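Chemist: Got a file for you: entry_8.txt, compact mmCIF, C-alpha atoms and all ligand atoms.
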```txt
# COMPACT_ATOMS: atom_id res chain seq x y z
CA MET A 83 -16.93 3.34 3.12
CA ILE A 84 -13.27 2.89 2.25
CA TYR A 85 -12.36 3.05 -1.45
CA THR A 86 -9.01 1.90 -2.79
CA VAL A 87 -7.78 2.85 -6.24
CA THR A 88 -5.09 0.83 -7.99
CA PHE A 89 -4.22 2.29 -11.39
CA ASN A 90 -1.85 -0.52 -12.25
CA PRO A 91 -2.95 -3.75 -10.51
CA SER A 92 -1.14 -7.02 -11.03
CA LEU A 93 -1.05 -10.69 -10.49
CA ASP A 94 1.98 -11.34 -8.31
CA TYR A 95 3.88 -14.49 -9.26
CA VAL A 96 5.85 -15.24 -6.10
CA VAL A 97 8.65 -17.78 -6.46
CA GLN A 98 11.10 -19.26 -3.99
CA ILE A 99 14.53 -20.04 -5.42
CA GLU A 100 17.31 -21.47 -3.26
CA ASN A 101 20.24 -20.13 -5.27
CA LEU A 102 19.42 -17.55 -7.90
CA THR A 103 22.03 -17.34 -10.67
CA LEU A 104 21.65 -14.76 -13.41
CA GLY A 105 22.25 -16.09 -16.92
CA GLU A 106 21.26 -19.66 -15.90
CA VAL A 107 18.04 -21.69 -15.85
CA ASN A 108 16.79 -21.34 -12.27
CA ARG A 109 14.20 -23.75 -10.82
CA THR A 110 11.78 -22.77 -8.10
CA SER A 111 11.29 -24.71 -4.88
CA CYS A 112 7.76 -23.33 -4.61
CA GLU A 113 5.58 -20.83 -6.37
CA ALA A 114 2.18 -19.17 -6.07
CA ILE A 115 0.07 -16.52 -7.78
CA TYR A 116 -1.69 -13.83 -5.75
CA PRO A 117 -3.81 -10.81 -6.58
CA GLY A 118 -1.57 -7.72 -6.41
CA GLY A 119 -1.28 -3.99 -6.68
CA LYS A 120 -0.97 -1.72 -3.66
CA GLY A 121 -4.61 -0.59 -3.37
CA ASN A 122 -5.85 -4.15 -3.87
CA ASN A 123 -3.53 -5.40 -1.14
CA VAL A 124 -4.92 -2.74 1.19
CA SER A 125 -8.44 -3.98 0.35
CA VAL A 126 -7.49 -7.61 1.04
CA VAL A 127 -6.00 -6.86 4.47
CA LEU A 128 -8.94 -4.58 5.32
CA ALA A 129 -11.28 -7.47 4.48
CA ASN A 130 -9.15 -9.80 6.64
CA LEU A 131 -9.58 -7.34 9.53
CA GLY A 132 -13.34 -7.23 9.01
CA MET A 133 -13.46 -3.82 7.29
CA LYS A 134 -15.51 -3.22 4.15
CA SER A 135 -13.90 -1.55 1.17
CA ARG A 136 -14.49 -1.19 -2.56
CA ALA A 137 -11.50 -1.81 -4.83
CA LEU A 138 -11.44 0.48 -7.87
CA GLY A 139 -8.93 0.54 -10.71
CA PHE A 140 -8.31 -0.73 -14.21
CA ILE A 141 -8.06 -4.32 -15.39
CA ALA A 142 -7.56 -5.89 -18.81
CA GLY A 143 -7.32 -9.30 -20.49
CA PHE A 144 -7.40 -12.76 -18.95
CA THR A 145 -5.02 -11.74 -16.18
CA GLY A 146 -7.47 -9.00 -15.25
CA ASP A 147 -10.31 -11.55 -15.11
CA ALA A 148 -8.21 -13.80 -12.86
CA LEU A 149 -7.31 -10.88 -10.60
CA GLU A 150 -10.93 -9.86 -10.17
CA LYS A 151 -12.00 -13.42 -9.36
CA MET A 152 -9.21 -13.91 -6.84
CA LEU A 153 -10.04 -10.66 -5.05
CA THR A 154 -13.71 -11.62 -4.87
CA ASP A 155 -12.73 -15.04 -3.52
CA PHE A 156 -10.69 -13.26 -0.82
CA GLY A 157 -13.81 -11.38 0.27
CA CYS A 158 -13.19 -8.04 -1.46
CA THR A 159 -15.80 -5.99 -3.29
CA THR A 160 -14.42 -4.82 -6.63
CA ASP A 161 -15.64 -2.20 -9.07
CA PHE A 162 -12.95 -2.19 -11.74
CA ILE A 163 -13.01 -0.50 -15.13
CA ARG A 164 -12.29 -2.98 -17.90
CA LEU A 165 -9.85 -1.77 -20.57
CA LYS A 166 -10.48 -3.01 -24.10
CA GLU A 167 -6.80 -3.49 -25.03
CA GLY A 168 -3.80 -5.08 -23.31
CA MET A 169 -3.61 -7.17 -20.15
CA THR A 170 -3.17 -6.65 -16.44
CA ARG A 171 0.54 -7.09 -15.69
CA ILE A 172 2.16 -10.07 -13.98
CA ASN A 173 4.78 -8.95 -11.47
CA VAL A 174 7.46 -11.45 -10.57
CA LYS A 175 8.61 -11.57 -6.94
CA ILE A 176 11.73 -13.65 -6.37
CA ASN A 177 12.51 -14.79 -2.85
CA ALA A 178 16.11 -16.03 -2.91
CA SER A 179 18.91 -15.04 -0.50
CA GLU A 180 17.62 -11.53 -1.21
CA GLU A 181 14.20 -10.36 -2.43
CA SER A 182 14.06 -9.15 -6.07
CA GLU A 183 11.06 -7.89 -8.01
CA ILE A 184 10.26 -7.47 -11.70
CA ASN A 185 7.22 -5.22 -12.11
CA GLY A 186 5.57 -4.90 -15.51
CA GLN A 187 4.45 -1.69 -17.21
CA GLY A 188 0.76 -2.51 -17.40
CA PRO A 189 -1.80 -1.71 -20.10
CA GLU A 190 -2.45 1.70 -21.55
CA ILE A 191 -5.28 3.53 -19.79
CA THR A 192 -7.39 5.48 -22.25
CA ALA A 193 -8.89 8.93 -21.70
CA GLU A 194 -12.34 7.31 -21.80
CA ALA A 195 -11.35 4.91 -18.99
CA ILE A 196 -10.10 7.84 -16.88
CA ARG A 197 -13.45 9.58 -17.42
CA GLU A 198 -15.19 6.41 -16.17
CA LEU A 199 -13.01 6.42 -13.07
CA PHE A 200 -13.90 10.04 -12.34
CA GLU A 201 -17.59 9.10 -12.65
CA LYS A 202 -17.13 6.30 -10.12
CA LEU A 203 -15.36 8.67 -7.74
CA GLU A 204 -18.52 10.80 -7.68
CA GLN A 205 -20.09 8.25 -5.27
CA ILE A 206 -17.54 9.08 -2.55
CA GLN A 207 -19.09 11.12 0.24
CA GLU A 208 -18.07 13.16 3.25
CA GLY A 209 -16.47 10.94 5.88
CA ASP A 210 -15.39 8.27 3.39
CA ILE A 211 -11.77 7.24 2.98
CA LEU A 212 -10.01 7.05 -0.38
CA VAL A 213 -6.70 5.21 -0.72
CA LEU A 214 -4.63 6.05 -3.82
CA ALA A 215 -1.80 3.56 -3.92
CA GLY A 216 0.91 2.44 -6.28
CA SER A 217 2.56 3.51 -9.48
CA ILE A 218 0.74 4.61 -12.60
CA PRO A 219 1.44 3.25 -16.09
CA ASN A 220 3.95 5.51 -17.84
CA THR A 221 1.36 6.41 -20.47
CA LEU A 222 -0.52 8.48 -17.86
CA PRO A 223 0.33 12.03 -16.79
CA GLU A 224 2.23 12.34 -13.48
CA ASP A 225 -0.49 14.65 -12.12
CA ILE A 226 -3.31 12.09 -12.13
CA TYR A 227 -3.47 11.69 -8.33
CA GLU A 228 -3.35 15.47 -8.06
CA ARG A 229 -6.28 15.81 -10.47
CA ILE A 230 -8.34 13.34 -8.42
CA MET A 231 -7.63 15.21 -5.21
CA GLU A 232 -8.36 18.57 -6.80
CA ARG A 233 -11.73 17.24 -7.95
CA LEU A 234 -12.58 15.90 -4.47
CA ALA A 235 -11.06 18.80 -2.51
CA GLU A 236 -14.35 20.25 -1.25
CA ARG A 237 -15.80 16.96 -0.02
CA LYS A 238 -14.16 16.35 3.38
CA ILE A 239 -12.85 12.94 2.35
CA HIS A 240 -9.85 11.42 4.14
CA ILE A 241 -7.38 10.65 1.35
CA VAL A 242 -4.43 8.32 1.85
CA VAL A 243 -1.63 8.40 -0.73
CA ASP A 244 1.03 5.70 -0.98
CA ALA A 245 3.14 6.73 -3.94
CA THR A 246 6.64 7.90 -4.74
CA LYS A 247 8.41 10.96 -6.17
CA ASP A 248 6.34 13.60 -8.01
CA LEU A 249 3.17 11.53 -7.81
CA LEU A 250 3.36 12.04 -4.03
CA LEU A 251 4.88 15.54 -3.88
CA ASN A 252 2.24 16.93 -6.24
CA VAL A 253 -0.66 15.98 -3.95
CA LEU A 254 0.64 17.49 -0.73
CA LYS A 255 -1.03 20.85 -1.36
CA TYR A 256 -4.41 19.06 -1.19
CA HIS A 257 -3.66 17.96 2.38
CA PRO A 258 -3.82 14.16 2.23
CA PHE A 259 -4.91 12.68 5.55
CA LEU A 260 -2.05 10.17 5.48
CA ILE A 261 1.03 9.52 3.35
CA LYS A 262 3.27 6.50 3.88
CA PRO A 263 6.64 6.73 2.20
CA ASN A 264 9.29 4.30 3.43
CA ASN A 265 12.58 5.78 4.65
CA HIS A 266 14.28 5.18 1.27
CA GLU A 267 11.46 6.92 -0.57
CA LEU A 268 11.78 9.83 1.86
CA GLU A 269 15.49 10.09 0.98
CA GLU A 270 14.64 9.97 -2.71
CA LEU A 271 12.00 12.72 -2.37
CA PHE A 272 14.57 15.17 -1.02
CA GLY A 273 17.76 13.79 -2.62
CA VAL A 274 19.38 13.16 0.80
CA THR A 275 20.80 10.26 2.81
CA LEU A 276 19.17 9.89 6.22
CA LYS A 277 21.13 7.82 8.70
CA GLN A 278 19.72 9.05 11.99
CA GLU A 279 16.20 8.99 13.33
CA LYS A 280 16.25 12.71 14.15
CA ASP A 281 17.05 13.49 10.48
CA ILE A 282 14.20 11.26 9.29
CA ILE A 283 11.88 13.24 11.57
CA VAL A 284 13.18 16.54 10.15
CA TYR A 285 12.34 15.47 6.58
CA ALA A 286 9.03 13.83 7.52
CA ARG A 287 8.13 17.16 9.16
CA LYS A 288 8.91 18.92 5.87
CA LEU A 289 6.23 16.76 4.22
CA GLN A 290 3.79 17.97 6.86
CA GLU A 291 4.84 21.57 6.23
CA MET A 292 4.18 20.96 2.55
CA GLY A 293 0.61 19.89 3.39
CA ALA A 294 0.36 16.25 4.57
CA VAL A 295 -1.82 15.91 7.68
CA ASN A 296 -0.21 12.74 9.07
CA VAL A 297 3.07 11.23 7.88
CA LEU A 298 3.88 7.56 8.44
CA ILE A 299 7.46 6.60 7.61
CA SER A 300 7.87 2.84 7.42
CA MET A 301 11.34 1.45 7.93
CA ALA A 302 10.99 -2.29 7.28
CA GLY A 303 12.80 -4.21 10.08
CA ASP A 304 13.27 -0.94 11.99
CA GLY A 305 9.53 -0.38 12.40
CA ALA A 306 7.97 3.01 11.77
CA LEU A 307 7.68 6.66 12.75
CA LEU A 308 4.39 8.53 12.80
CA LEU A 309 4.09 12.31 12.81
CA THR A 310 0.52 13.29 13.60
CA GLU A 311 -1.55 16.37 12.90
CA ASP A 312 -1.30 17.47 16.55
CA GLY A 313 2.50 17.70 16.37
CA LYS A 314 3.25 14.40 18.13
CA VAL A 315 5.88 11.88 17.02
CA TYR A 316 5.35 8.17 17.73
CA ARG A 317 8.16 5.65 17.22
CA LYS A 318 7.53 1.86 17.29
CA MET A 319 9.79 -1.11 16.65
CA PRO A 320 8.32 -4.19 14.94
CA PRO A 321 7.93 -7.57 16.64
CA LYS A 322 10.67 -10.13 15.99
CA GLY A 323 10.16 -12.87 13.42
CA ASN A 324 11.49 -14.50 10.27
CA VAL A 325 10.90 -12.55 7.10
CA VAL A 326 9.43 -14.79 4.40
CA ASN A 327 8.11 -12.28 1.83
CA SER A 328 7.96 -8.58 2.62
CA VAL A 329 6.05 -7.67 -0.56
CA GLY A 330 2.83 -5.99 0.57
CA ALA A 331 4.09 -5.26 4.11
CA GLY A 332 3.63 -1.54 3.50
CA ASP A 333 0.11 -2.03 2.13
CA SER A 334 -0.77 -4.22 5.13
CA MET A 335 0.51 -1.46 7.37
CA VAL A 336 -1.80 1.07 5.70
CA ALA A 337 -4.77 -1.31 6.14
CA GLY A 338 -3.87 -1.95 9.79
CA PHE A 339 -3.41 1.78 10.45
CA LEU A 340 -6.78 2.67 8.92
CA THR A 341 -8.54 -0.11 10.82
CA GLY A 342 -6.96 1.01 14.09
CA TYR A 343 -7.75 4.66 13.43
CA LEU A 344 -11.37 4.04 12.43
CA ASN A 345 -11.97 1.65 15.34
CA THR A 346 -10.31 3.68 18.10
CA ASN A 347 -9.76 7.24 16.84
CA ASN A 348 -6.33 6.93 18.49
CA TYR A 349 -3.17 7.45 16.43
CA GLU A 350 -0.89 5.41 18.69
CA LYS A 351 -3.19 2.39 18.47
CA ALA A 352 -3.50 2.91 14.71
CA LEU A 353 0.30 2.80 14.46
CA GLN A 354 0.49 -0.34 16.62
CA LEU A 355 -2.06 -2.14 14.49
CA GLY A 356 -0.30 -0.91 11.34
CA ILE A 357 3.03 -2.32 12.52
CA ALA A 358 1.46 -5.64 13.54
CA ALA A 359 -0.25 -5.98 10.15
CA GLY A 360 2.93 -5.02 8.23
CA SER A 361 5.13 -7.41 10.19
CA ALA A 362 2.58 -10.26 10.10
CA SER A 363 2.56 -10.01 6.30
CA ALA A 364 6.37 -9.82 6.13
CA PHE A 365 6.58 -13.04 8.20
CA LEU A 366 4.30 -14.93 5.79
CA SER A 367 4.45 -15.86 2.13
CA TRP A 368 1.57 -13.46 1.45
CA LEU A 369 -0.73 -10.96 3.13
CA ALA A 370 -1.64 -11.69 6.74
CA GLY A 371 -5.02 -12.72 8.09
CA LYS A 372 -6.60 -11.40 11.28
CA ASP A 373 -5.32 -14.19 13.54
CA GLU A 374 -1.71 -13.69 12.47
CA ILE A 375 -2.01 -9.93 12.98
CA VAL A 376 -3.68 -10.26 16.40
CA LYS A 377 -0.84 -12.55 17.59
CA LEU A 378 1.63 -9.69 17.09
CA LEU A 379 -0.38 -7.09 19.02
CA GLN A 380 0.85 -6.00 22.44
CA GLN A 381 -2.64 -5.53 23.86
CA PRO A 382 -5.82 -7.64 23.56
CA PRO A 383 -7.57 -7.25 20.16
CA GLU A 384 -10.58 -5.53 21.79
CA GLU A 385 -8.27 -2.58 22.52
CA TYR A 386 -8.07 -2.06 18.76
CA GLY A 387 -11.76 -2.66 18.14
CA LEU A 388 -11.07 -6.11 16.65
N1 LIG A 401 12.09 -7.27 8.12
C1 LIG A 401 10.98 -6.93 8.80
N2 LIG A 401 10.85 -7.32 10.10
C2 LIG A 401 9.78 -6.97 10.81
N3 LIG A 401 8.78 -6.20 10.32
C3 LIG A 401 8.85 -5.80 9.04
C4 LIG A 401 9.96 -6.15 8.20
N4 LIG A 401 9.75 -5.62 6.96
C5 LIG A 401 8.57 -4.96 7.05
N5 LIG A 401 8.05 -5.05 8.27
C6 LIG A 401 6.82 -4.41 8.79
O1 LIG A 401 6.05 -3.86 7.75
C7 LIG A 401 6.06 -2.42 7.83
C8 LIG A 401 6.17 -1.83 6.42
O2 LIG A 401 7.35 -2.31 5.84
P1 LIG A 401 8.21 -1.50 4.77
O3 LIG A 401 8.87 -0.33 5.39
O4 LIG A 401 9.11 -2.51 4.13
O5 LIG A 401 7.09 -0.97 3.78
P2 LIG A 401 7.18 -0.77 2.20
O6 LIG A 401 8.57 -0.39 1.81
O7 LIG A 401 6.08 0.14 1.84
O8 LIG A 401 6.85 -2.25 1.74
P3 LIG A 401 6.29 -2.82 0.36
O9 LIG A 401 6.49 -1.75 -0.70
O10 LIG A 401 7.13 -4.04 0.13
O11 LIG A 401 4.86 -3.15 0.60
C9 LIG A 401 7.21 -2.06 8.74
O12 LIG A 401 7.03 -0.82 9.38
C10 LIG A 401 7.21 -3.25 9.71
O13 LIG A 401 6.18 -3.11 10.68
O1 LIG A 402 4.58 -1.04 -9.47
P1 LIG A 402 3.95 -0.53 -8.19
O2 LIG A 402 2.54 -0.10 -8.40
O3 LIG A 402 4.79 0.50 -7.52
O4 LIG A 402 3.95 -1.75 -7.16
C1 LIG A 402 3.23 -2.91 -7.47
C2 LIG A 402 3.51 -3.96 -6.41
O5 LIG A 402 4.90 -4.30 -6.34
O6 LIG A 402 3.13 -3.43 -5.15
C3 LIG A 402 2.52 -4.44 -4.34
C4 LIG A 402 3.23 -4.53 -3.04
O7 LIG A 402 3.23 -3.32 -2.37
C5 LIG A 402 2.53 -5.70 -5.17
O8 LIG A 402 1.37 -6.46 -4.96
C6 LIG A 402 2.67 -5.22 -6.59
O9 LIG A 402 3.25 -6.16 -7.46
```
Would you mind giving the structure from this file in structure tokens?
Ligand SMILES: Nc1ncnc2c1ncn2[C@@H]1O[C@H](COP(=O)(O)OP(=O)(O)OP(=O)(O)O)[C@@H](O)[C@H]1O
Ligand SMILES: O=P(O)(O)OC[C@@]1(O)O[C@H](CO)[C@@H](O)[C@@H]1O

Modeler:
Amino acid sequence: MIYTVTFNPSLDYVVQIENLTLGEVNRTSCEAIYPGGKGNNVSVVLANLGMKSRALGFIAGFTGDALEKMLTDFGCTTDFIRLKEGMTRINVKINASEESEINGQGPEITAEAIRELFEKLEQIQEGDILVLAGSIPNTLPEDIYERIMERLAERKIHIVVDATKDLLLNVLKYHPFLIKPNNHELEELFGVTLKQEKDIIVYARKLQEMGAVNVLISMAGDGALLLTEDGKVYRKMPPKGNVVNSVGAGDSMVAGFLTGYLNTNNYEKALQLGIAAGSASAFLSWLAGKDEIVKLLQQPPEEYGL
């Protein structure tokens, strides 16, 4: 079973605005609300690709109720912990000439709720996959992902971490199966500017030396680089297309990668399916379905176990 954990889920309010002017009343040309949060997005794209997962995390208030219902409607199995105070955040995604995002802080997660999460994590068994994705509310300690991994360290679980800064660096010693920073996050982790591919590889390799098993560096329109446990480096460019909304492209890539890996046990195919899923989502107003992803694959879907 694949488990995703989203500490700070959201409803994503995605608006299209022709000309965004700060300090003025701006009117949308279209708008929609989607279930959001990185782990949840991974669960949605996994479901679209025919993979079962269980979405864990914390929800609160009427926005939390709406989020849970939407995810269920999209075919996901959820097992959220309901917080008694506050409400699940609404993140605003503005698609104008550029993409801008306003992400909320999210509700406070109590110590009791964290204990409940740890109880739920007890069901994870050898061979399962656990995806820890997204930011944590600033009321939580920065070592929360680390504490989860420490607790599960003995269990031979494949853990995927999609997070930034210390939240990511702190888990490396527990040997996550996969981490997926984008190239800007990689620069931020080491306080460097990386212009050339060979330099990106040098710093991605440092993350492996620090403990990550496989490192996937996504680079938006420039595709991705994958450094695998057996010392190989794979480089793939994305297919061409018009970007409509790239929010969730990275999460789609994680879902595609996991699907490809589980179906074929082949890292190159996992990367190809990851890129196709990421790009298919970037070319749509929301997360891609199977048909849209399959259209962007270079080989027939059967090659990827689809
Ligand atoms: N402009 C684009 N053109 C083509 N493919 C894209 C584009 N943007 C994203 N993608 C696809 O999605 C993958 C992940 O994108 P990106 O590097 O933006 O992830 P991310 O920064 O984690 O995204 P997000 O945080 O918005 O989910 C890329 O490797 C690529 O395959
Ligand atoms: O604030 P975080 O947790 O870093 O990111 C949250 C978020 O921007 O990530 C997803 C896209 O990756 C969106 O669905 C969601 O709004």

Chemist: Find, counting only C-alpha atoms and all ligand atoms, the residue in A:Asn220, A:Asn122, A:Thr160, A:Thr110 that gets nearest to ligand LIG 401 (chain A).

Modeler: A:Asn122

Chemist: Using only C-alpha atoms and all ligand atoms, which residues have at least one atom no more than 10 Å from ligand LIG 401 (chain A)? Output them as number ranges by chain.

Modeler: A: 119-120, 123-124, 181, 183, 216, 244-245, 262-267, 298-307, 318-336, 353-365, 369

Chemist: One decimal, Å: what's the distance from CA of Thr86 in chain A over to CA of Trp368 in chain A, could you say?

Modeler: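 For CA of Thr86 in chain A relative to CA of Trp368 in chain A, the distance reads 19.1 Å.
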
Chemist: With all atoms of ligand LIG 402 (chain A) from the file as input, state the centre and edge lengths in Å to one decimal of the axis-aligned box that has 3 Å extra on each side, as lines of an AutoDock Vina configuration file.

Modeler:
```
center_x = 3.1
center_y = -3.0
center_z = -5.9
size_x = 9.5
size_y = 13.0
size_z = 13.1
```

Chemist: What is the CA of Ile163 in chain A to atom O5 of ligand LIG 402 (chain A) distance in Å?

Modeler: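 Computed distance, CA of Ile163 in chain A to atom O5 of ligand LIG 402 (chain A), equals 20.3 Å.
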
Chemist: Select, from A:Ala215, A:Met83, A:Ile141, A:Ala178, the residue with the minimum atom-to-atom distance to ligand LIG 402 (chain A), counting only C-alpha atoms and all ligand atoms.

Modeler: A:Ala215

Chemist: Select, from A:Glu201, A:Asp210, A:Lys175, A:Phe140, the residue with the minimum atom-to-atom distance to Pro189 in chain A, counting all atoms listed in the file.

Modeler: A:Phe140

Chemist: With all atoms listed in the file as the atoms that count, which of A:Pro258, A:Val174, A:Asp281, A:Met133 lies nearest to ligand LIG 402 (chain A)?

Modeler: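 Distance minimum relative to ligand LIG 402 (chain A) lands on A:Val174.
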
Chemist: Kindly give the distance, in Å, that separates CA of Thr88 in chain A and CA of Leu308 in chain A, rounded to a single decimal.

Modeler: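 Between CA of Thr88 in chain A and CA of Leu308 in chain A the gap is 24.1 Å.
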
Chemist: Can you list, as JSON, numbers by chain, every protein, DNA or RNA residue that comes within 9 Å of range 230-238 of chain A when you count all atoms listed in the file, leaving out same-chain residues fewer than 5 positions away?

Modeler: {"A": [200, 203, 204, 206, 207, 208, 209, 210, 225, 253, 256, 257, 258]}

Chemist: Quick one: residues within 12 Å of Asn347 in chain A, all atoms listed in the file, excluding same-chain residues fewer than 6 positions away - as a PyMOL selection string?

Modeler: chain A and resi 339-341+353+385-387

Chemist: Return the single residue from A:Pro91, A:Pro383, A:Pro219, A:Gly186 that is closest to Arg164 in chain A, with distances computed using only C-alpha atoms.

Modeler: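 Result for the nearest residue to Arg164 in chain A: A:Pro91.
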